[in-house]
>>> print(open('start_4.tsv').read())   # TSV, N, CA and C atoms
chain	number	residue	atom	x	y	z
A	181	MET	N	0.84	-1.19	0.00
A	181	MET	CA	0.00	0.00	0.00
A	181	MET	C	0.88	1.25	0.00
A	182	LEU	N	0.56	2.18	-0.87
A	182	LEU	CA	1.31	3.43	-0.97
A	182	LEU	C	0.75	4.44	0.02
A	183	LEU	N	1.64	5.27	0.54
A	183	LEU	CA	1.24	6.30	1.48
A	183	LEU	C	1.31	7.67	0.83
A	184	MET	N	0.35	8.52	1.19
A	184	MET	CA	0.39	9.90	0.73
A	184	MET	C	1.58	10.58	1.42
A	185	THR	N	2.44	11.18	0.62
A	185	THR	CA	3.65	11.84	1.11
A	185	THR	C	3.73	13.23	0.52
A	186	THR	N	4.28	14.16	1.26
A	186	THR	CA	4.54	15.49	0.72
A	186	THR	C	5.97	15.52	0.21
A	187	TYR	N	6.11	15.77	-1.09
A	187	TYR	CA	7.42	15.87	-1.74
A	187	TYR	C	7.69	17.33	-2.06
A	188	THR	N	8.96	17.68	-2.13
A	188	THR	CA	9.36	18.98	-2.63
A	188	THR	C	10.12	18.78	-3.93
A	189	GLY	N	10.12	19.81	-4.75
A	189	GLY	CA	10.83	19.71	-6.01
A	189	GLY	C	10.97	21.08	-6.65
A	190	GLY	N	11.56	21.09	-7.83
A	190	GLY	CA	11.73	22.34	-8.54
A	190	GLY	C	12.67	22.21	-9.72
A	191	CYS	N	13.09	23.35	-10.19
A	191	CYS	CA	13.95	23.39	-11.37
A	191	CYS	C	15.42	23.28	-10.99
A	192	HIS	N	16.29	23.30	-11.98
A	192	HIS	CA	17.73	23.13	-11.77
A	192	HIS	C	18.36	24.30	-11.01
A	193	CYS	N	17.99	25.52	-11.35
A	193	CYS	CA	18.62	26.69	-10.72
A	193	CYS	C	18.01	27.04	-9.36
A	194	GLY	N	16.85	26.45	-9.05
A	194	GLY	CA	16.22	26.68	-7.75
A	194	GLY	C	15.22	27.81	-7.69
A	195	LYS	N	15.02	28.53	-8.78
A	195	LYS	CA	14.04	29.62	-8.76
A	195	LYS	C	12.62	29.09	-8.59
A	196	VAL	N	12.31	27.99	-9.26
A	196	VAL	CA	10.99	27.38	-9.17
A	196	VAL	C	11.04	26.28	-8.11
A	197	ARG	N	10.22	26.42	-7.09
A	197	ARG	CA	10.14	25.43	-6.01
A	197	ARG	C	8.67	25.14	-5.72
A	198	TYR	N	8.37	23.90	-5.41
A	198	TYR	CA	6.99	23.51	-5.10
A	198	TYR	C	6.98	22.36	-4.12
A	199	GLU	N	5.78	22.09	-3.60
A	199	GLU	CA	5.55	20.88	-2.83
A	199	GLU	C	4.27	20.26	-3.35
A	200	VAL	N	4.22	18.94	-3.24
A	200	VAL	CA	3.08	18.20	-3.78
A	200	VAL	C	2.79	17.01	-2.88
A	201	ASP	N	1.51	16.80	-2.61
A	201	ASP	CA	1.05	15.64	-1.84
A	201	ASP	C	0.66	14.56	-2.84
A	202	MET	N	1.33	13.40	-2.75
A	202	MET	CA	1.05	12.35	-3.72
A	202	MET	C	1.52	11.00	-3.24
A	203	GLU	N	0.95	9.97	-3.83
A	203	GLU	CA	1.43	8.61	-3.68
A	203	GLU	C	2.32	8.35	-4.89
A	204	LEU	N	3.56	8.02	-4.65
A	204	LEU	CA	4.49	7.84	-5.75
A	204	LEU	C	4.69	6.34	-5.98
A	205	GLY	N	3.96	5.82	-6.94
A	205	GLY	CA	4.08	4.42	-7.30
A	205	GLY	C	4.69	4.32	-8.68
A	206	SER	N	3.89	3.93	-9.65
A	206	SER	CA	4.38	3.89	-11.01
A	206	SER	C	4.35	5.29	-11.61
A	207	VAL	N	5.22	5.52	-12.58
A	207	VAL	CA	5.28	6.80	-13.29
A	207	VAL	C	5.14	6.53	-14.78
A	208	LEU	N	4.69	7.53	-15.49
A	208	LEU	CA	4.43	7.39	-16.92
A	208	LEU	C	5.59	7.95	-17.72
A	209	SER	N	6.00	7.22	-18.75
A	209	SER	CA	7.00	7.68	-19.70
A	209	SER	C	6.32	7.81	-21.05
A	210	CYS	N	6.05	9.04	-21.45
A	210	CYS	CA	5.33	9.33	-22.68
A	210	CYS	C	6.32	9.47	-23.84
A	211	ASN	N	5.94	8.96	-25.01
A	211	ASN	CA	6.82	9.03	-26.18
A	211	ASN	C	6.41	10.13	-27.17
A	212	CYS	N	5.57	11.08	-26.73
A	212	CYS	CA	5.20	12.16	-27.65
A	212	CYS	C	6.44	12.99	-28.00
A	213	SER	N	6.31	13.85	-28.99
A	213	SER	CA	7.46	14.62	-29.45
A	213	SER	C	8.06	15.50	-28.35
A	214	HIS	N	7.27	15.94	-27.42
A	214	HIS	CA	7.75	16.81	-26.34
A	214	HIS	C	8.37	16.01	-25.20
A	215	CYS	N	7.59	15.12	-24.61
A	215	CYS	CA	8.07	14.34	-23.45
A	215	CYS	C	9.24	13.42	-23.81
A	216	GLY	N	9.15	12.82	-24.98
A	216	GLY	CA	10.21	11.91	-25.41
A	216	GLY	C	11.55	12.60	-25.54
A	217	MET	N	11.56	13.81	-26.11
A	217	MET	CA	12.82	14.55	-26.25
A	217	MET	C	13.40	14.95	-24.90
A	218	LYS	N	12.52	15.27	-23.96
A	218	LYS	CA	12.97	15.75	-22.65
A	218	LYS	C	13.22	14.62	-21.65
A	219	GLY	N	12.71	13.43	-21.94
A	219	GLY	CA	12.90	12.31	-21.01
A	219	GLY	C	12.09	12.47	-19.73
A	220	LEU	N	10.92	13.10	-19.83
A	220	LEU	CA	10.09	13.32	-18.65
A	220	LEU	C	9.53	12.01	-18.10
A	221	LEU	N	9.50	11.89	-16.78
A	221	LEU	CA	8.80	10.83	-16.08
A	221	LEU	C	7.69	11.51	-15.29
A	222	LEU	N	6.45	11.12	-15.54
A	222	LEU	CA	5.30	11.90	-15.09
A	222	LEU	C	4.43	11.18	-14.08
A	223	SER	N	3.89	11.98	-13.18
A	223	SER	CA	2.87	11.55	-12.24
A	223	SER	C	1.83	12.65	-12.19
A	224	PHE	N	0.57	12.30	-11.92
A	224	PHE	CA	-0.53	13.25	-12.02
A	224	PHE	C	-1.25	13.37	-10.68
A	225	VAL	N	-1.56	14.61	-10.28
A	225	VAL	CA	-2.26	14.85	-9.03
A	225	VAL	C	-3.33	15.92	-9.24
A	226	PRO	N	-4.37	15.92	-8.40
A	226	PRO	CA	-5.33	17.03	-8.46
A	226	PRO	C	-4.59	18.34	-8.21
A	227	ALA	N	-5.00	19.40	-8.87
A	227	ALA	CA	-4.31	20.68	-8.74
A	227	ALA	C	-4.24	21.15	-7.29
A	228	GLY	N	-5.21	20.80	-6.47
A	228	GLY	CA	-5.21	21.19	-5.06
A	228	GLY	C	-4.13	20.51	-4.23
A	229	SER	N	-3.53	19.47	-4.77
A	229	SER	CA	-2.46	18.75	-4.06
A	229	SER	C	-1.09	19.34	-4.38
A	230	PHE	N	-1.06	20.34	-5.25
A	230	PHE	CA	0.19	20.97	-5.70
A	230	PHE	C	0.23	22.41	-5.20
A	231	ARG	N	1.38	22.80	-4.66
A	231	ARG	CA	1.55	24.18	-4.18
A	231	ARG	C	2.86	24.75	-4.72
A	232	LEU	N	2.75	25.77	-5.55
A	232	LEU	CA	3.93	26.47	-6.05
A	232	LEU	C	4.42	27.38	-4.94
A	233	LEU	N	5.65	27.17	-4.48
A	233	LEU	CA	6.20	27.94	-3.36
A	233	LEU	C	6.94	29.18	-3.82
A	234	SER	N	7.62	29.09	-4.96
A	234	SER	CA	8.36	30.24	-5.48
A	234	SER	C	8.60	30.07	-6.97
A	235	GLY	N	8.85	31.18	-7.63
A	235	GLY	CA	9.24	31.16	-9.03
A	235	GLY	C	8.13	31.36	-10.04
A	236	GLU	N	6.93	31.73	-9.60
A	236	GLU	CA	5.86	31.94	-10.57
A	236	GLU	C	6.27	32.96	-11.63
A	237	ASP	N	7.00	34.00	-11.21
A	237	ASP	CA	7.45	35.04	-12.14
A	237	ASP	C	8.55	34.56	-13.08
A	238	ALA	N	9.15	33.40	-12.80
A	238	ALA	CA	10.21	32.85	-13.64
A	238	ALA	C	9.69	31.83	-14.66
A	239	LEU	N	8.40	31.52	-14.60
A	239	LEU	CA	7.84	30.48	-15.47
A	239	LEU	C	7.47	31.02	-16.85
A	240	THR	N	7.77	30.22	-17.85
A	240	THR	CA	7.37	30.48	-19.23
A	240	THR	C	6.51	29.32	-19.68
A	241	GLU	N	5.44	29.63	-20.40
A	241	GLU	CA	4.49	28.59	-20.83
A	241	GLU	C	4.73	28.21	-22.28
A	242	TYR	N	4.58	26.92	-22.56
A	242	TYR	CA	4.66	26.41	-23.92
A	242	TYR	C	3.49	25.46	-24.14
A	243	ARG	N	2.76	25.63	-25.23
A	243	ARG	CA	1.67	24.72	-25.60
A	243	ARG	C	1.91	24.27	-27.04
A	244	PHE	N	1.54	23.04	-27.32
A	244	PHE	CA	1.68	22.53	-28.68
A	244	PHE	C	0.54	21.57	-28.99
A	245	ASN	N	0.48	21.10	-30.21
A	245	ASN	CA	-0.52	20.14	-30.67
A	245	ASN	C	-1.92	20.67	-30.35
A	246	LYS	N	-2.66	20.03	-29.47
A	246	LYS	CA	-4.02	20.44	-29.14
A	246	LYS	C	-4.06	21.61	-28.14
A	247	LYS	N	-2.91	22.01	-27.66
A	247	LYS	CA	-2.74	23.17	-26.77
A	247	LYS	C	-3.53	23.04	-25.46
A	248	GLN	N	-3.70	21.82	-24.97
A	248	GLN	CA	-4.46	21.58	-23.75
A	248	GLN	C	-3.59	21.53	-22.50
A	249	ILE	N	-2.31	21.30	-22.65
A	249	ILE	CA	-1.41	21.19	-21.51
A	249	ILE	C	-0.56	22.44	-21.41
A	250	GLU	N	-0.53	23.04	-20.21
A	250	GLU	CA	0.30	24.21	-19.95
A	250	GLU	C	1.68	23.71	-19.51
A	251	HIS	N	2.57	23.49	-20.46
A	251	HIS	CA	3.94	23.09	-20.13
A	251	HIS	C	4.64	24.33	-19.60
A	252	LEU	N	5.08	24.28	-18.35
A	252	LEU	CA	5.71	25.43	-17.72
A	252	LEU	C	7.16	25.12	-17.43
A	253	PHE	N	8.04	26.03	-17.84
A	253	PHE	CA	9.46	25.79	-17.60
A	253	PHE	C	10.09	27.06	-17.07
A	254	CYS	N	11.20	26.88	-16.35
A	254	CYS	CA	11.92	28.01	-15.78
A	254	CYS	C	12.61	28.78	-16.90
A	255	SER	N	12.39	30.08	-16.92
A	255	SER	CA	12.99	30.91	-17.98
A	255	SER	C	14.48	31.10	-17.79
A	256	THR	N	15.01	30.73	-16.63
A	256	THR	CA	16.45	30.84	-16.39
A	256	THR	C	17.18	29.57	-16.79
A	257	CYS	N	16.77	28.42	-16.26
A	257	CYS	CA	17.50	27.16	-16.52
A	257	CYS	C	16.84	26.26	-17.55
A	258	GLY	N	15.58	26.53	-17.90
A	258	GLY	CA	14.89	25.78	-18.95
A	258	GLY	C	14.25	24.48	-18.51
A	259	VAL	N	14.27	24.15	-17.23
A	259	VAL	CA	13.73	22.87	-16.77
A	259	VAL	C	12.22	22.95	-16.59
A	260	GLU	N	11.53	21.93	-17.13
A	260	GLU	CA	10.09	21.78	-16.93
A	260	GLU	C	9.88	20.83	-15.77
A	261	SER	N	9.59	21.36	-14.60
A	261	SER	CA	9.42	20.52	-13.43
A	261	SER	C	7.96	20.15	-13.17
A	262	PHE	N	7.03	20.85	-13.82
A	262	PHE	CA	5.60	20.52	-13.71
A	262	PHE	C	4.84	21.17	-14.85
A	263	ALA	N	3.59	20.77	-14.99
A	263	ALA	CA	2.69	21.34	-15.99
A	263	ALA	C	1.28	21.30	-15.41
A	264	TYR	N	0.37	21.99	-16.07
A	264	TYR	CA	-1.04	21.93	-15.70
A	264	TYR	C	-1.85	21.41	-16.88
A	265	GLY	N	-2.93	20.72	-16.58
A	265	GLY	CA	-3.82	20.22	-17.61
A	265	GLY	C	-5.15	19.86	-16.99
A	266	MET	N	-5.91	19.03	-17.71
A	266	MET	CA	-7.22	18.57	-17.26
A	266	MET	C	-7.25	17.06	-17.37
A	267	ASP	N	-7.96	16.41	-16.42
A	267	ASP	CA	-8.15	14.97	-16.53
A	267	ASP	C	-9.37	14.69	-17.41
A	268	LYS	N	-9.75	13.44	-17.55
A	268	LYS	CA	-10.85	13.06	-18.44
A	268	LYS	C	-12.20	13.60	-17.98
A	269	GLU	N	-12.31	13.92	-16.68
A	269	GLU	CA	-13.55	14.49	-16.13
A	269	GLU	C	-13.50	16.01	-16.09
A	270	ALA	N	-12.53	16.62	-16.75
A	270	ALA	CA	-12.35	18.07	-16.84
A	270	ALA	C	-11.97	18.71	-15.50
A	271	ASN	N	-11.32	17.95	-14.62
A	271	ASN	CA	-10.78	18.50	-13.38
A	271	ASN	C	-9.35	18.96	-13.64
A	272	ARG	N	-9.00	20.11	-13.08
A	272	ARG	CA	-7.63	20.64	-13.24
A	272	ARG	C	-6.65	19.75	-12.49
A	273	ILE	N	-5.56	19.39	-13.16
A	273	ILE	CA	-4.52	18.55	-12.55
A	273	ILE	C	-3.15	19.19	-12.72
A	274	ALA	N	-2.25	18.77	-11.87
A	274	ALA	CA	-0.84	19.13	-12.02
A	274	ALA	C	-0.11	17.87	-12.47
A	275	THR	N	0.73	18.03	-13.45
A	275	THR	CA	1.55	16.94	-13.95
A	275	THR	C	2.96	17.17	-13.42
A	276	ILE	N	3.44	16.23	-12.65
A	276	ILE	CA	4.72	16.39	-11.98
A	276	ILE	C	5.80	15.64	-12.76
A	277	ASN	N	6.90	16.33	-13.07
A	277	ASN	CA	8.07	15.67	-13.64
A	277	ASN	C	8.82	15.07	-12.46
A	278	VAL	N	8.65	13.78	-12.25
A	278	VAL	CA	9.18	13.09	-11.07
A	278	VAL	C	10.70	13.21	-10.99
A	279	ARG	N	11.36	13.41	-12.12
A	279	ARG	CA	12.82	13.60	-12.11
A	279	ARG	C	13.22	14.87	-11.35
A	280	CYS	N	12.27	15.79	-11.14
A	280	CYS	CA	12.56	17.05	-10.46
A	280	CYS	C	12.20	17.03	-8.98
A	281	LEU	N	11.75	15.89	-8.45
A	281	LEU	CA	11.46	15.79	-7.02
A	281	LEU	C	12.75	15.57	-6.25
A	282	ASP	N	12.85	16.20	-5.10
A	282	ASP	CA	14.02	16.05	-4.24
A	282	ASP	C	14.06	14.64	-3.64
A	283	ASN	N	15.24	14.06	-3.62
A	283	ASN	CA	15.48	12.80	-2.91
A	283	ASN	C	14.62	11.63	-3.37
A	284	VAL	N	14.28	11.60	-4.66
A	284	VAL	CA	13.55	10.46	-5.23
A	284	VAL	C	14.48	9.75	-6.21
A	285	ASP	N	14.69	8.47	-5.99
A	285	ASP	CA	15.51	7.65	-6.87
A	285	ASP	C	14.60	7.06	-7.95
A	286	THR	N	14.61	7.66	-9.13
A	286	THR	CA	13.70	7.21	-10.19
A	286	THR	C	14.01	5.80	-10.66
A	287	ALA	N	15.20	5.30	-10.41
A	287	ALA	CA	15.54	3.93	-10.79
A	287	ALA	C	14.75	2.92	-9.97
A	288	GLN	N	14.20	3.34	-8.85
A	288	GLN	CA	13.43	2.46	-7.98
A	288	GLN	C	11.94	2.45	-8.32
A	289	LEU	N	11.51	3.25	-9.29
A	289	LEU	CA	10.10	3.38	-9.64
A	289	LEU	C	9.74	2.49	-10.82
A	290	GLU	N	8.50	2.06	-10.85
A	290	GLU	CA	7.99	1.31	-12.00
A	290	GLU	C	7.64	2.33	-13.09
A	291	VAL	N	8.26	2.19	-14.26
A	291	VAL	CA	8.01	3.11	-15.37
A	291	VAL	C	7.05	2.44	-16.35
A	292	VAL	N	5.93	3.11	-16.61
A	292	VAL	CA	4.90	2.59	-17.50
A	292	VAL	C	4.94	3.39	-18.80
A	293	PRO	N	5.16	2.73	-19.94
A	293	PRO	CA	5.18	3.46	-21.21
A	293	PRO	C	3.78	3.94	-21.60
A	294	PHE	N	3.73	5.11	-22.23
A	294	PHE	CA	2.47	5.67	-22.74
A	294	PHE	C	2.71	6.13	-24.17
A	295	ASP	N	1.84	5.72	-25.07
A	295	ASP	CA	1.99	6.05	-26.49
A	295	ASP	C	1.35	7.40	-26.80
A	296	GLY	N	2.03	8.47	-26.42
A	296	GLY	CA	1.54	9.81	-26.70
A	296	GLY	C	1.65	10.20	-28.16
A	297	LYS	N	2.48	9.50	-28.92
A	297	LYS	CA	2.61	9.80	-30.36
A	297	LYS	C	1.29	9.58	-31.09
A	298	SER	N	0.46	8.70	-30.57
A	298	SER	CA	-0.80	8.35	-31.23
A	298	SER	C	-1.93	9.33	-30.92
A	299	TYR	N	-1.69	10.34	-30.09
A	299	TYR	CA	-2.74	11.30	-29.74
A	299	TYR	C	-2.67	12.52	-30.58
>>> encode(input="start_4.tsv", output="structure tokens")
Amino acid sequence: MLLMTTYTGGCHCGKVRYEVDMELGSVLSCNCSHCGMKGLLLSFVPAGSFRLLSGEDALTEYRFNKKQIEHLFCSTCGVESFAYGMDKEANRIATINVRCLDNVDTAQLEVVPFDGKSY
């Protein structure tokens, strides 16, 4: 059984910092043109479980394809540590780049492939 844990994370330079309440089990590895190039490992939480602590003024937004996901990256170091989107029920979610969480060994996580190229 997984436990709800509060994780901290952020970008490479430290301007963007956040905390997120989540159960960290399996993570998604998407092969779309964006995620595949960046090597993102993703986990999804309700937007209310995510708290941006600093760096809102340092964020730059990028949208592509259907323009439904707010890919946010630090304008200083270029790291995308999280994004915003909607789930299938139209609830706002935060997409966490698990590689940007503090003290998480991604080699210990179950990685589930997702065929984003087909969307």
>>> closest_atom_pairs(input="start_4.tsv", of="range 183-225 of chain A", to="range 282-288 of chain A", cutoff="8 Å", atoms="only C-alpha atoms", output="CSV")
residue,atom,partner,partner_atom,distance
A:Tyr187,CA,A:Asp282,CA,7.1
A:Thr188,CA,A:Asp282,CA,5.7
A:Gly189,CA,A:Asp282,CA,5.2
A:Gly190,CA,A:Asp282,CA,8.0
>>> residues_around(input="start_4.tsv", residues="Cys254 in chain A", least_positions_apart="4", cutoff="7 Å", atoms="only N, CA and C atoms", output="JSON, numbers by chain")
{"A": [191, 196, 238, 239, 240, 258, 259, 260, 261]}
>>> closest_residue(input="start_4.tsv", among="A:Cys212, A:Glu250, A:Cys257, A:Arg197", to="Ser234 in chain A", atoms="only N, CA and C atoms")
A:Arg197
>>> closest_residue(input="start_4.tsv", among="A:Leu220, A:Leu204, A:Ile249, A:Ala227", to="Cys280 in chain A", atoms="only C-alpha atoms")
A:Leu220
>>> axis_aligned_box(input="start_4.tsv", around="range 273-280 of chain A", padding_each_side="4 Å", output="AutoDock Vina command-line options")
--center_x 3.8 --center_y 16.2 --center_z -11.5 --size_x 26.8 --size_y 14.3 --size_z 13.0
>>> atom_distance(input="start_4.tsv", atom1="CA of Leu232 in chain A", atom2="CA of Arg279 in chain A")
16.8 Å
